[in-house]
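Right, one structure below, let's go through it.
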Amino acid sequence: MEVPILKQGAVLIATFQAALSDADLNQLRMGLVQQVVKFRSRAVIVDVTAMDVMDSFASRTLREIAHMIRLRGAETVIVGIQPEVAFAMVQLGLTLEDVTTALDLEEGLAYLNEKFKNTH
Amino acid sequence: MAKRNEMVKETAGPNNQVTELSHSEAPSELLRELVSHLRQNRTQLREEWVGSISQTRLLTAMTKEEIFAEATSVYDSYVEALETETFEALQAYARNLSERIIPRGVETHEVVGIVLLLRDVLARSLFAKYQTDFKKLNRILDAYEPAANRIANTVAVGFVQERERVIRQQQEAIRELSTPVLQVRERLLILPIIGVIDPQRARQLTEQLLRGIRTNRAKVIVIDITGVAAMDVTVANHLVQTVEASRLLGATVIVTGLSPEIAQTLVTIGVDLGKMNTVGDLQGGIEQAERLLGYKVERLAEPR
């Protein structure tokens, strides 16, 4: 199942569905990294609200996406991590260091708008 | 007195075989004889027992009349347990008694002590009765001692179980009361923690905090641990994990009121201080949280 990538102004938004295979994740990573330059986007939001389990592969992929996007000149915000998922991730040592996180999509957009306003 | 008991038991040991070989009286018959002896001398033995209870200063939390009343029913259930060799009734009584006396501060050693005293008082009276017939005394003791020990065991276990039940109940009550997550400004939560944190409570705190972040859409949380004197390495690690999990939900955690001991623990486990945002006291924490949220608090007039 492919993850749709939506373009919203200067932001790309990818919404995870519940069950994603490792291949889907790899495809999403390549898709985002390509499109972020193609659309001259300034940021990417990855929404993981629907994920009630996060394994180490998914978590590592999220981190890689964030780091690759940064190398491509944009910023990543991960939004919608569920409380139970957050604690499970931390216990597994998957803390997504140096990746920006926000409560939900609205918060993520608000954070980016604030940030872009300052840099204009 | 204890010494003499031991001596008798030692001499009773080798004689066991003799008893088994002779088979002159079945143990149940001996017990019956024993029980009727205890019934006949009920008043006197009970008084002796109560006397030795007050002499050894046990059950000081209870009045003399209360001790006497309880002693009477303990004595009767004791004899009944000896007679029927069933311990359920005694067990139920012990639990009931514990329920009544635990709130008054009666200790385990006191309960065990009085039951052992009763055992000794009764054993003494048996010595006195059968002192002329040593073999019979041994047989009677063979029948009496296992039953008496089992009774002592039953009462002690019943008491301890009841105590543990009370403790569990209180722990639950404390747990329910102990973890408020409070909103002080829009998007600012405080979590004051007071008392000892064990791993179970730590887990509960984390769950409530993460859920609170979600429902209140919080951006900043102040965790105040002024009321926590010390925490072990497990709980300290848990605190760090809570801070990191909150960050995954997009919230910043400020920890305030770390005691020197807790600071020591955190340094020992090697916390990455870049992740931990700590401020000396709750007031400082709230002020910093307000700055993060863009609030500015100004005094409009001098207080009257």
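Identifiers in the structure tokens: chain A, B, ... in order shown; residue index from 1 per chain; ligand index from 1 in order shown.
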
Exercise. Pick out each residue of segment 40-249 of chain B that DSSP on the backbone tags as alpha helix (DSSP H); I need them as a PyMOL selection string.
Key: chain B and resi 40+42-55+64-84+88-101+108-129+134-177+199-216+233-248

Contacts of segment 36-45 of chain B at 12 Å (only C-alpha atoms; same-chain gap of 6+ positions) as a compact mmCIF listing (two decimals) with C-alpha atoms, in the first residue's frame:
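See selection.txt below for the written result:
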# COMPACT_ATOMS: atom_id res chain seq x y z
CA GLU B 29 -8.07 -40.87 72.18
CA LEU B 30 -5.20 -39.12 73.87
CA GLY B 51 -1.82 -13.39 83.96
CA SER B 52 1.22 -14.30 81.95
CA PHE B 68 -9.86 -11.32 79.08
CA ALA B 71 -8.57 -14.73 75.72
CA THR B 72 -11.77 -16.60 76.52
CA SER B 73 -12.76 -16.95 72.90
CA VAL B 74 -9.21 -17.76 71.79
CA TYR B 75 -9.03 -20.42 74.50
CA ASP B 76 -12.31 -21.98 73.42
CA SER B 77 -11.42 -22.01 69.73
CA TYR B 78 -8.01 -23.39 70.63
CA VAL B 79 -9.51 -26.30 72.53
CA GLU B 80 -12.05 -26.82 69.80
CA LEU B 82 -7.48 -29.53 69.29
CA GLU B 83 -10.63 -31.56 69.61
CA LEU B 117 2.17 -18.39 75.89
CA LEU B 118 -1.09 -20.31 75.76
CA ARG B 119 0.74 -23.31 74.36
CA ASP B 120 3.22 -23.15 77.21
CA VAL B 121 0.56 -22.67 79.89
CA LEU B 122 -1.32 -25.71 78.63
CA ALA B 123 1.86 -27.78 78.35
CA ARG B 124 2.73 -26.88 81.95
CA SER B 125 -0.63 -28.05 83.17
CA LEU B 126 -0.07 -31.32 81.34
CA ALA B 128 1.63 -31.14 86.40
CA LYS B 129 -1.15 -33.62 85.72
CA TYR B 130 0.96 -36.48 84.41
CA ILE B 140 0.13 -36.96 75.48
CA TYR B 144 -0.49 -32.29 71.74

Mind running chain B against chain A at 10 Å and telling me each contacting residue's nearest atom pair with the distance in Å (one decimal), counting only C-alpha atoms, chain and number ascending, as JSON lines?
{"residue": "B:Arg203", "atom": "CA", "partner": "A:Phe87", "partner_atom": "CA", "distance": 9.8}
{"residue": "B:Thr206", "atom": "CA", "partner": "A:Phe87", "partner_atom": "CA", "distance": 8.2}
{"residue": "B:Glu207", "atom": "CA", "partner": "A:Pro83", "partner_atom": "CA", "distance": 7.5}
{"residue": "B:Gln208", "atom": "CA", "partner": "A:Pro83", "partner_atom": "CA", "distance": 9.5}
{"residue": "B:Leu209", "atom": "CA", "partner": "A:Pro83", "partner_atom": "CA", "distance": 9.0}
{"residue": "B:Leu210", "atom": "CA", "partner": "A:Pro83", "partner_atom": "CA", "distance": 5.3}
{"residue": "B:Arg211", "atom": "CA", "partner": "A:Pro83", "partner_atom": "CA", "distance": 6.2}
{"residue": "B:Gly212", "atom": "CA", "partner": "A:Pro83", "partner_atom": "CA", "distance": 9.4}
{"residue": "B:Ile213", "atom": "CA", "partner": "A:Leu103", "partner_atom": "CA", "distance": 8.5}
{"residue": "B:Arg214", "atom": "CA", "partner": "A:Leu103", "partner_atom": "CA", "distance": 7.2}
{"residue": "B:Arg217", "atom": "CA", "partner": "A:Leu103", "partner_atom": "CA", "distance": 7.2}
{"residue": "B:Ala218", "atom": "CA", "partner": "A:Leu103", "partner_atom": "CA", "distance": 8.5}
{"residue": "B:Lys219", "atom": "CA", "partner": "A:Leu103", "partner_atom": "CA", "distance": 8.3}
{"residue": "B:Asn237", "atom": "CA", "partner": "A:Gln91", "partner_atom": "CA", "distance": 9.7}
{"residue": "B:His238", "atom": "CA", "partner": "A:Gln91", "partner_atom": "CA", "distance": 8.7}
{"residue": "B:Val240", "atom": "CA", "partner": "A:Val90", "partner_atom": "CA", "distance": 9.3}
{"residue": "B:Gln241", "atom": "CA", "partner": "A:Val90", "partner_atom": "CA", "distance": 5.8}
{"residue": "B:Thr242", "atom": "CA", "partner": "A:Phe87", "partner_atom": "CA", "distance": 7.1}
{"residue": "B:Val243", "atom": "CA", "partner": "A:Val90", "partner_atom": "CA", "distance": 9.4}
{"residue": "B:Glu244", "atom": "CA", "partner": "A:Val90", "partner_atom": "CA", "distance": 6.6}
{"residue": "B:Ala245", "atom": "CA", "partner": "A:Ala86", "partner_atom": "CA", "distance": 5.0}
{"residue": "B:Ser246", "atom": "CA", "partner": "A:Ala86", "partner_atom": "CA", "distance": 7.5}
{"residue": "B:Arg247", "atom": "CA", "partner": "A:Thr101", "partner_atom": "CA", "distance": 6.9}
{"residue": "B:Leu248", "atom": "CA", "partner": "A:Thr101", "partner_atom": "CA", "distance": 5.5}
{"residue": "B:Leu249", "atom": "CA", "partner": "A:Leu103", "partner_atom": "CA", "distance": 4.9}
{"residue": "B:Gly250", "atom": "CA", "partner": "A:Ala102", "partner_atom": "CA", "distance": 3.7}
{"residue": "B:Ala251", "atom": "CA", "partner": "A:Ala102", "partner_atom": "CA", "distance": 7.2}
{"residue": "B:Lys275", "atom": "CA", "partner": "A:Glu97", "partner_atom": "CA", "distance": 9.4}

Quiz prompt | Spatial neighbours of Thr226 of chain B, 7 Å, only C-alpha atoms, chain gap at least 6 places, as a PyMOL selection string | solution = chain B and resi 257-259

Quiz item: Got a sec: who's within 12 Å of Glu64 of chain A, counting only C-alpha atoms, leaving out chain neighbours fewer than 3 positions off, as a list in words?
Solution: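 Counting only the stated atoms, we get Leu25, Asn26, Leu28, Arg29, Met30, Leu32, Val33, Phe57, Ala58, Ser59, Arg60, Thr61, His67, Met68, Ile69, Arg70, Leu71, Thr76, Leu96, Glu97, Asp98 and Val99 of chain A.
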
Quiz item: Hey, which of A:Gln34, A:Ser41, A:Thr49, A:Ser56 ends up closest to Leu112 of chain A? Count only C-alpha atoms.
Solution: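 Under the stated criterion, the closest residue is A:Ser41.
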
Sorted by chain and rising residue number, list the residues of segment 220-266 of chain B at most 12 Å from segment 292-303 of chain B (counting only C-alpha atoms), each with its closest atom pair and distance in Å to one decimal, as a Markdown table.
| residue | atom | partner | partner_atom | distance |
| --- | --- | --- | --- | --- |
| B:Val220 | CA | B:Leu293 | CA | 7.6 |
| B:Ile221 | CA | B:Leu292 | CA | 10.8 |
| B:Val222 | CA | B:Leu292 | CA | 11.8 |
| B:Ala251 | CA | B:Leu292 | CA | 11.0 |
| B:Thr252 | CA | B:Leu292 | CA | 9.1 |
| B:Val253 | CA | B:Leu292 | CA | 11.0 |
| B:Ile254 | CA | B:Leu292 | CA | 10.7 |

Practice problem: Would you please work out which residue, of A:Asp52, A:Asp24, A:Ala18, A:Asp47, is nearest to Val3 of chain A when using only C-alpha atoms? | Solution: A:Asp24

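Shortest atom-to-atom contact with Ala229 of chain B among B:Ile262, B:Ala148, B:Leu273, B:Val181: B:Ile262, counting only C-alpha atoms.
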
Quiz item: Distance atom CA of Arg95 of chain B-atom CA of Gly158 of chain B, one decimal place?
Solution: 5.4 Å

Exercise. Select from chain A everything DSSP, run on the backbone, classes as strand (DSSP E or B), then give the selection as a PyMOL selection string.
Key: chain A and resi 5-8+11-15+43-47+75-79+100-102

Kindly save the residues from that selection, with C-alpha atoms included, as a PDB file, in the first residue's frame.
ATOM      1  CA  ILE A   5       2.262  12.483  -0.458  1.00  0.00           C
ATOM      2  CA  LEU A   6       0.249  15.712  -0.449  1.00  0.00           C
ATOM      3  CA  LYS A   7       1.593  19.097  -1.339  1.00  0.00           C
ATOM      4  CA  GLN A   8       0.332  21.932   0.821  1.00  0.00           C
ATOM      5  CA  VAL A  11       5.060  21.744   2.879  1.00  0.00           C
ATOM      6  CA  LEU A  12       4.818  18.093   1.865  1.00  0.00           C
ATOM      7  CA  ILE A  13       2.550  15.949   4.010  1.00  0.00           C
ATOM      8  CA  ALA A  14       2.787  12.154   4.148  1.00  0.00           C
ATOM      9  CA  THR A  15       0.215  10.258   6.224  1.00  0.00           C
ATOM     10  CA  ALA A  43       9.496  21.183   5.000  1.00  0.00           C
ATOM     11  CA  VAL A  44       8.017  17.702   5.255  1.00  0.00           C
ATOM     12  CA  ILE A  45       5.428  16.566   7.796  1.00  0.00           C
ATOM     13  CA  VAL A  46       5.113  12.843   8.437  1.00  0.00           C
ATOM     14  CA  ASP A  47       1.852  12.033  10.228  1.00  0.00           C
ATOM     15  CA  GLU A  75      13.086  20.282   7.515  1.00  0.00           C
ATOM     16  CA  THR A  76      11.050  17.353   8.831  1.00  0.00           C
ATOM     17  CA  VAL A  77       8.420  17.274  11.563  1.00  0.00           C
ATOM     18  CA  ILE A  78       7.026  13.976  12.823  1.00  0.00           C
ATOM     19  CA  VAL A  79       3.498  14.410  14.180  1.00  0.00           C
ATOM     20  CA  THR A 100      11.426  17.698  15.480  1.00  0.00           C
ATOM     21  CA  THR A 101       8.152  16.257  16.761  1.00  0.00           C
ATOM     22  CA  ALA A 102       4.720  17.778  17.320  1.00  0.00           C
TER      23      ALA A 102
END

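Here atom CA of Glu65 of chain B is placed at a distance of 28.8 Å from atom CA of Thr86 of chain B.
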
Quiz item: How many Å separate atom CA of Arg187 of chain B from atom CA of Ala230 of chain B?
Solution: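 Value for the atom CA of Arg187 of chain B-atom CA of Ala230 of chain B distance: 29.3 Å.
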